[in-house]
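Comments concern the structure below.
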Amino acid sequence: MKGFIRSHLCGNLTKSNVGQQVTLNGWVHSVRDHGGLIFIDLRDISGTIQVVFNPEKDPKAHKLAETFRQEYVIGVIGDVLARTEDMVNPKIPTGALEVLVHQVKLLNPSLTPPFLISEEVNTNEELRFKYRYLDLRKPQMQNNILMRHKISKTIRNFLDNNGFIDIETPILNKSTPEGARDFLVPSRINQGKFYALPQSPQIFKQILMVSGFDRYYQIARCFRDEDLRADRQPEFTQVDIEMSFITKNEILTMMENMIATILKDCYQIEIPLPINRMSYDEAMSKYGSDRPDLRFDLPIYDVTSAVKDCSFQVFKNVIESNGIICAINAKSGEKLSRKDIDDLTSFISQYGAKGLAWMRVKNKKLESNIVKFFSEDIQNRLMDQLKTEDGDLLLFIADQKQVVYESAGNLRLKLGDMLSLVDREKLAFTWVVDFPLFTYDEQAKRYDSVNHPFTTPHLDQLDILSEEPLQVLSETYDLVLNGTELGGGSIRIHNYDIQKEVFKLLGLDEAQAEEKFGFLLSALKYGAPPHGGIAFGLDRVVMVLQKMTSIRDVIAFPKTQRGVCLMSGAPSTVNEEQLLELAIQVDE
RNA sequence: GGGGGUGUAGUUCAGCUGGUUAGAACGCUGCCCUGUCAAGGCAGAGGCCGCGGGUUCAAGUCCCGUCACUCCCGCCA
């Protein structure tokens, strides 16, 4: 490095540097060797700049530059020149400048990389993960990681400005069998016992409210040993937030201000506030999802009453068994072929739907192999309710409510994609509120929390909590952006008796509740303040804002779908002594 | 645990109803080239067609198994 300590970053050079001598360090992004002149795009964290080697200016530097290959690390000393008008490269920010080199040093050569460090070709993820250090050199990946940093910095600043205190909570925790599968860590000092990695700091942040910290936040790593998805990794990051002496409205307002600040500071986008709120009930019945993608309309219509007198046996049977019939009007769906409809049918079958009925709208009339089972009166009512126009395609799903919502919701997304209804530039936010407190688990014959067991029921429904728990709504809220749940939270139970009652409905008797959550129950008895909070999935926030389709692209070192790190090789076997110390035996 | 997709040169891909020497582009190597910017021109090297079995006169292609990556269902309070 001697004599080549950098004075500037490549991408930061501007017109104001013209005429100056600069020292740059970086990677050789591309070489254009004209035999005489050699042009090299030199890349560092800030971007690229063209550096020029002219044999007439310095034959020694030019000679060395002839040996440079992609990804060599070099240092150059040269003069910043303004390019003449006809030589400006409008594709890069520094395209009006170049550096004429008069001294150069090879700092480190490189093997030929296994793939190009450019965005032009998508490389197979297997190779990208194996050479993640090279993958992360790609400008898009660097931008993702950089924006992730900016977003979390903005969040920290915002929360700090609003009186939130960053407090760390334990990574080594007690395992609780509820919820996701725990990652376990064996205890050497207490052989045969295990810690669990946190699924979220939920209980600790509530305890911190009892301790009087008033406003807490943590950008916390969380762990869940479940199967992976494009938006799910075994370890992920939550922006974990909790506030005391607070109402739902205050939290929502605070959080939408935080989101608006992120968009303003990191993306220079102003979003209108307040963010629209939608009940869980509306989200499910209209969009078939608790995280509706509102970038396009295409609502689901319940046509059960319109078709109740038809003679179509499939519909009649469903109505008799208390199911419902929903329809989607695929606007201008005439471009969908029979094969497309067949594909959609098998698509929704994975959500449990048994079939997909369809009708085309032509000359203000319905056409299909089943219209004969629908009287003219019913057909008119359908066309009226679904606001049909010629060229529309009506798609019907009949089944039990849950199945219909889930299939129709996913069908809606699929159609939005097939009919190109999604505006990729749009940011469609909504709060989804008033989730039910419980669902009923038919198999286990007990109630389950929809959110978690510490969520408070609507206080004006306390009188029916014990008798009609399924009717009770909770003080919950999820923030949804473009069909992705960015985060969710609730007002918590701060009253010992209500918490005990909820545990009871969940099938935990007093002894079990005491064993699992005794410390929380106990804390509630010592003056717990009313409190509530929320947690955002930072990975998902960054993914959606960066317009990525996988959180792997916003995590520096992610794992594959089988939970493997292809770079380091984790997980791996361990040696016999390690196991002996832990008193652990591995079955072959 | 289940369903779908992919696996061919360093990379991204093509390779038809099985057929003789498996192609292209980029990258790589060498030569030419003083204004390119994904530089250009010429020449060249580079393949256990993921792996293992099977069918066949003949398999990249068909069948069975297996592995890896990926999307989804289950799972994720």
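Scheme for the structure tokens: letters A, B, ... for chains in order shown; per-chain residue numbers from 1; ligand numbers from 1 in order shown.
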Considering only C-alpha atoms (C1' of nucleotides), tabulate each residue of chain B that lies at most 12 Å from chain A along with its nearest interatomic pair and the corresponding distance in Å to one decimal; arrange the rows by chain and ascending residue number and present them as CSV.
residue,atom,partner,partner_atom,distance
B:G1,C1',A:Asp227,CA,11.4
B:G2,C1',A:Gln350,CA,10.7
B:G3,C1',A:Gln350,CA,8.4
B:G4,C1',A:Phe347,CA,10.4
B:U6,C1',A:Asn124,CA,10.0
B:G7,C1',A:Asn124,CA,10.3
B:G10,C1',A:Pro114,CA,5.7
B:U11,C1',A:Phe115,CA,5.4
B:U12,C1',A:Val121,CA,6.4
B:C13,C1',A:Val121,CA,10.8
B:A25,C1',A:Val121,CA,11.5
B:C26,C1',A:Leu116,CA,9.2
B:G27,C1',A:Leu116,CA,7.8
B:C28,C1',A:Thr112,CA,8.0
B:C31,C1',A:Gly35,CA,10.9
B:C32,C1',A:Gly35,CA,8.1
B:C33,C1',A:Gly35,CA,5.4
B:U34,C1',A:Gly36,CA,4.8
B:G35,C1',A:Met87,CA,7.3
B:U36,C1',A:Arg32,CA,6.5
B:C37,C1',A:Asn89,CA,6.8
B:A38,C1',A:Glu120,CA,8.1
B:A39,C1',A:Arg32,CA,5.9
B:G40,C1',A:His34,CA,8.8
B:G41,C1',A:His34,CA,11.4
B:A68,C1',A:Glu126,CA,8.4
B:C69,C1',A:Glu126,CA,5.8
B:U70,C1',A:Gln561,CA,8.0
B:C71,C1',A:Ala230,CA,8.1
B:C72,C1',A:Gln350,CA,8.4
B:C73,C1',A:Gln350,CA,6.2
B:G74,C1',A:Asp227,CA,9.9
B:C75,C1',A:Glu226,CA,6.5
B:C76,C1',A:Ala180,CA,5.9
B:A77,C1',A:Gly179,CA,4.0
In segment 182-316 of chain A, DSSP helix (DSSP H, G or I) residues written as number ranges by chain
A: 202-210, 248-267, 280-287, 313-316
Shell of 9 Å around Leu9 of chain A, only C-alpha atoms (C1' of nucleotides), local chain residues under 5 positions omitted, as a ChimeraX atom specification: /A:23-26,43-48
Those in segment 494-550 of chain A with strand (DSSP E or B) from DSSP, as a PyMOL selection string: chain A and resi 531-537
**Message:** Please report the interatomic distance between atom CA of Asp478 of chain A and atom CA of Glu256 of chain A in Å with one decimal.
**Reply:**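 Atom-to-atom, atom CA of Asp478 of chain A to atom CA of Glu256 of chain A, that is 11.6 Å.
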